[in-house]
Amino acid sequence: MGRFLVFNGLSFQEVEIEDLKPAEIEENIINGEIDAALVWEPHAFNIKKALGDKVVSWPGDSDQDSTFLL
């Protein structure tokens, strides 16, 4: 998340971070309780299906040579 913010000219001070479980992220963004989320499949698909053309999405790892999870 931090790298994504940096690559897009934002800082942690400019956003409010919430630690949610994947299903909670999906539910909260669909219900309009949060404005943005960093998600993965199948959650991204479910959000796009529920919100249709109200969704703008792009890869969270753009402009990076590699990504990995620990």
# chains A, B, ... in the order shown; residues from 1 in each chain; ligands from 1
$ select_by_dssp --residues "chain A" --states "alpha helix (DSSP H)" --output "tab-separated table (two decimals) with N, CA, C and O atoms, in the first residue's frame"
chain	number	residue	atom	x	y	z
A	2	GLY	N	1.92	1.21	0.82
A	2	GLY	CA	2.81	2.36	0.88
A	2	GLY	C	3.45	2.66	-0.45
A	2	GLY	O	3.52	3.82	-0.87
A	3	ARG	N	3.93	1.62	-1.13
A	3	ARG	CA	4.55	1.82	-2.45
A	3	ARG	C	3.53	2.37	-3.45
A	3	ARG	O	3.84	3.24	-4.25
A	4	PHE	N	2.32	1.87	-3.41
A	4	PHE	CA	1.27	2.35	-4.30
A	4	PHE	C	1.03	3.84	-4.07
A	4	PHE	O	0.95	4.61	-5.03
A	5	LEU	N	0.94	4.25	-2.82
A	5	LEU	CA	0.74	5.67	-2.52
A	5	LEU	C	1.89	6.52	-3.04
A	5	LEU	O	1.66	7.54	-3.69
A	6	VAL	N	3.11	6.08	-2.78
A	6	VAL	CA	4.29	6.82	-3.25
A	6	VAL	C	4.29	6.95	-4.77
A	6	VAL	O	4.49	8.03	-5.31
A	7	PHE	N	4.03	5.85	-5.47
A	7	PHE	CA	4.03	5.87	-6.93
A	7	PHE	C	2.94	6.77	-7.50
A	7	PHE	O	2.99	7.17	-8.65
A	22	PRO	N	-10.70	-9.36	3.82
A	22	PRO	CA	-11.10	-9.25	2.42
A	22	PRO	C	-12.60	-9.14	2.20
A	22	PRO	O	-13.06	-8.29	1.42
A	23	ALA	N	-13.40	-9.95	2.87
A	23	ALA	CA	-14.85	-9.88	2.70
A	23	ALA	C	-15.40	-8.54	3.20
A	23	ALA	O	-16.35	-8.00	2.62
A	24	GLU	N	-14.79	-7.99	4.25
A	24	GLU	CA	-15.22	-6.69	4.77
A	24	GLU	C	-14.88	-5.58	3.78
A	24	GLU	O	-15.66	-4.63	3.62
A	25	ILE	N	-13.73	-5.69	3.14
A	25	ILE	CA	-13.33	-4.69	2.14
A	25	ILE	C	-14.38	-4.67	1.03
A	25	ILE	O	-14.89	-3.61	0.65
A	26	GLU	N	-14.69	-5.85	0.53
A	26	GLU	CA	-15.67	-5.98	-0.55
A	26	GLU	C	-17.01	-5.36	-0.14
A	26	GLU	O	-17.58	-4.54	-0.87
A	27	GLU	N	-17.50	-5.73	1.02
A	27	GLU	CA	-18.79	-5.24	1.51
A	27	GLU	C	-18.77	-3.72	1.71
A	27	GLU	O	-19.69	-3.02	1.30
A	28	ASN	N	-17.71	-3.21	2.33
A	28	ASN	CA	-17.61	-1.78	2.62
A	28	ASN	C	-17.52	-0.93	1.37
A	28	ASN	O	-18.11	0.15	1.31
A	29	ILE	N	-16.78	-1.37	0.37
A	29	ILE	CA	-16.67	-0.56	-0.85
A	29	ILE	C	-17.97	-0.61	-1.65
A	29	ILE	O	-18.41	0.40	-2.19
A	30	ILE	N	-18.62	-1.75	-1.69
A	30	ILE	CA	-19.89	-1.87	-2.39
A	30	ILE	C	-20.96	-1.00	-1.72
A	30	ILE	O	-21.77	-0.36	-2.39
A	43	HIS	N	-12.19	-10.85	-5.10
A	43	HIS	CA	-12.83	-9.65	-4.56
A	43	HIS	C	-12.92	-8.52	-5.59
A	43	HIS	O	-13.95	-7.85	-5.67
A	44	ALA	N	-11.87	-8.33	-6.36
A	44	ALA	CA	-11.90	-7.29	-7.39
A	44	ALA	C	-13.03	-7.58	-8.39
A	44	ALA	O	-13.78	-6.67	-8.76
A	45	PHE	N	-13.16	-8.81	-8.82
A	45	PHE	CA	-14.23	-9.20	-9.75
A	45	PHE	C	-15.60	-8.92	-9.13
A	45	PHE	O	-16.48	-8.36	-9.78
A	46	ASN	N	-15.80	-9.31	-7.88
A	46	ASN	CA	-17.09	-9.13	-7.21
A	46	ASN	C	-17.46	-7.65	-7.08
A	46	ASN	O	-18.62	-7.27	-7.26
A	47	ILE	N	-16.47	-6.83	-6.77
A	47	ILE	CA	-16.72	-5.39	-6.65
A	47	ILE	C	-17.09	-4.81	-8.01
A	47	ILE	O	-18.05	-4.05	-8.13
A	48	LYS	N	-16.34	-5.17	-9.04
A	48	LYS	CA	-16.64	-4.67	-10.39
A	48	LYS	C	-18.02	-5.13	-10.85
A	48	LYS	O	-18.77	-4.37	-11.46
A	49	LYS	N	-18.37	-6.36	-10.53
A	49	LYS	CA	-19.69	-6.90	-10.91
A	49	LYS	C	-20.80	-6.13	-10.19
A	49	LYS	O	-21.81	-5.78	-10.80
A	50	ALA	N	-20.62	-5.83	-8.92
A	50	ALA	CA	-21.65	-5.15	-8.14
A	50	ALA	C	-21.79	-3.67	-8.51
A	50	ALA	O	-22.89	-3.14	-8.54
A	51	LEU	N	-20.67	-3.00	-8.80
A	51	LEU	CA	-20.70	-1.55	-9.02
A	51	LEU	C	-20.67	-1.15	-10.49
A	51	LEU	O	-20.89	0.02	-10.80
$ closest_residue --among "A:Met1, A:Lys54, A:Ile17, A:Phe12" --to "Gly32 of chain A" --atoms "only C-alpha atoms"
A:Lys54
$ atom_distance --atom1 "atom CA of Trp40 of chain A" --atom2 "atom CA of Ser57 of chain A"
11.3 Å
$ atom_distance --atom1 "atom CA of Val56 of chain A" --atom2 "atom CA of Asp19 of chain A"
21.4 Å
$ residues_around --residues "Glu18 of chain A" --least-positions-apart "3" --cutoff "10 Å" --atoms "only C-alpha atoms" --output "CSV table (one decimal) with C-alpha atoms, in the first residue's frame"
chain,number,residue,atom,x,y,z
A,15,VAL,CA,-5.4,8.9,3.5
A,21,LYS,CA,-10.7,-8.6,6.2
A,25,ILE,CA,-13.3,-4.7,2.1
A,34,ILE,CA,-14.9,3.3,2.0
A,37,ALA,CA,-9.3,-0.4,-1.6
$ atom_distance --atom1 "atom CA of Glu41 of chain A" --atom2 "atom CA of Asp53 of chain A"
18.2 Å
$ decode --residues "segment 45-60 of chain A" --atoms "N, CA, C and O atoms" --output "tab-separated table (two decimals), in the first residue's frame"
chain	number	residue	atom	x	y	z
A	45	PHE	N	-13.16	-8.81	-8.82
A	45	PHE	CA	-14.23	-9.20	-9.75
A	45	PHE	C	-15.60	-8.92	-9.13
A	45	PHE	O	-16.48	-8.36	-9.78
A	46	ASN	N	-15.80	-9.31	-7.88
A	46	ASN	CA	-17.09	-9.13	-7.21
A	46	ASN	C	-17.46	-7.65	-7.08
A	46	ASN	O	-18.62	-7.27	-7.26
A	47	ILE	N	-16.47	-6.83	-6.77
A	47	ILE	CA	-16.72	-5.39	-6.65
A	47	ILE	C	-17.09	-4.81	-8.01
A	47	ILE	O	-18.05	-4.05	-8.13
A	48	LYS	N	-16.34	-5.17	-9.04
A	48	LYS	CA	-16.64	-4.67	-10.39
A	48	LYS	C	-18.02	-5.13	-10.85
A	48	LYS	O	-18.77	-4.37	-11.46
A	49	LYS	N	-18.37	-6.36	-10.53
A	49	LYS	CA	-19.69	-6.90	-10.91
A	49	LYS	C	-20.80	-6.13	-10.19
A	49	LYS	O	-21.81	-5.78	-10.80
A	50	ALA	N	-20.62	-5.83	-8.92
A	50	ALA	CA	-21.65	-5.15	-8.14
A	50	ALA	C	-21.79	-3.67	-8.51
A	50	ALA	O	-22.89	-3.14	-8.54
A	51	LEU	N	-20.67	-3.00	-8.80
A	51	LEU	CA	-20.70	-1.55	-9.02
A	51	LEU	C	-20.67	-1.15	-10.49
A	51	LEU	O	-20.89	0.02	-10.80
A	52	GLY	N	-20.38	-2.09	-11.38
A	52	GLY	CA	-20.41	-1.80	-12.81
A	52	GLY	C	-19.53	-0.64	-13.21
A	52	GLY	O	-18.35	-0.58	-12.85
A	53	ASP	N	-20.11	0.34	-13.93
A	53	ASP	CA	-19.32	1.45	-14.47
A	53	ASP	C	-18.97	2.50	-13.42
A	53	ASP	O	-18.35	3.51	-13.73
A	54	LYS	N	-19.31	2.27	-12.16
A	54	LYS	CA	-18.93	3.18	-11.08
A	54	LYS	C	-17.52	2.88	-10.57
A	54	LYS	O	-17.02	3.59	-9.71
A	55	VAL	N	-16.89	1.83	-11.11
A	55	VAL	CA	-15.58	1.39	-10.65
A	55	VAL	C	-14.48	1.86	-11.60
A	55	VAL	O	-14.60	1.76	-12.81
A	56	VAL	N	-13.42	2.35	-11.01
A	56	VAL	CA	-12.18	2.64	-11.74
A	56	VAL	C	-11.12	1.76	-11.09
A	56	VAL	O	-10.97	1.76	-9.86
A	57	SER	N	-10.40	0.99	-11.88
A	57	SER	CA	-9.40	0.11	-11.30
A	57	SER	C	-8.12	0.11	-12.13
A	57	SER	O	-8.15	0.41	-13.32
A	58	TRP	N	-7.03	-0.20	-11.48
A	58	TRP	CA	-5.74	-0.34	-12.12
A	58	TRP	C	-4.89	-1.24	-11.24
A	58	TRP	O	-5.17	-1.41	-10.06
A	59	PRO	N	-3.83	-1.83	-11.78
A	59	PRO	CA	-2.98	-2.73	-11.00
A	59	PRO	C	-2.30	-2.00	-9.85
A	59	PRO	O	-1.80	-0.89	-10.01
A	60	GLY	N	-2.28	-2.63	-8.70
A	60	GLY	CA	-1.62	-2.05	-7.54
A	60	GLY	C	-0.11	-2.13	-7.61
A	60	GLY	O	0.58	-1.47	-6.85
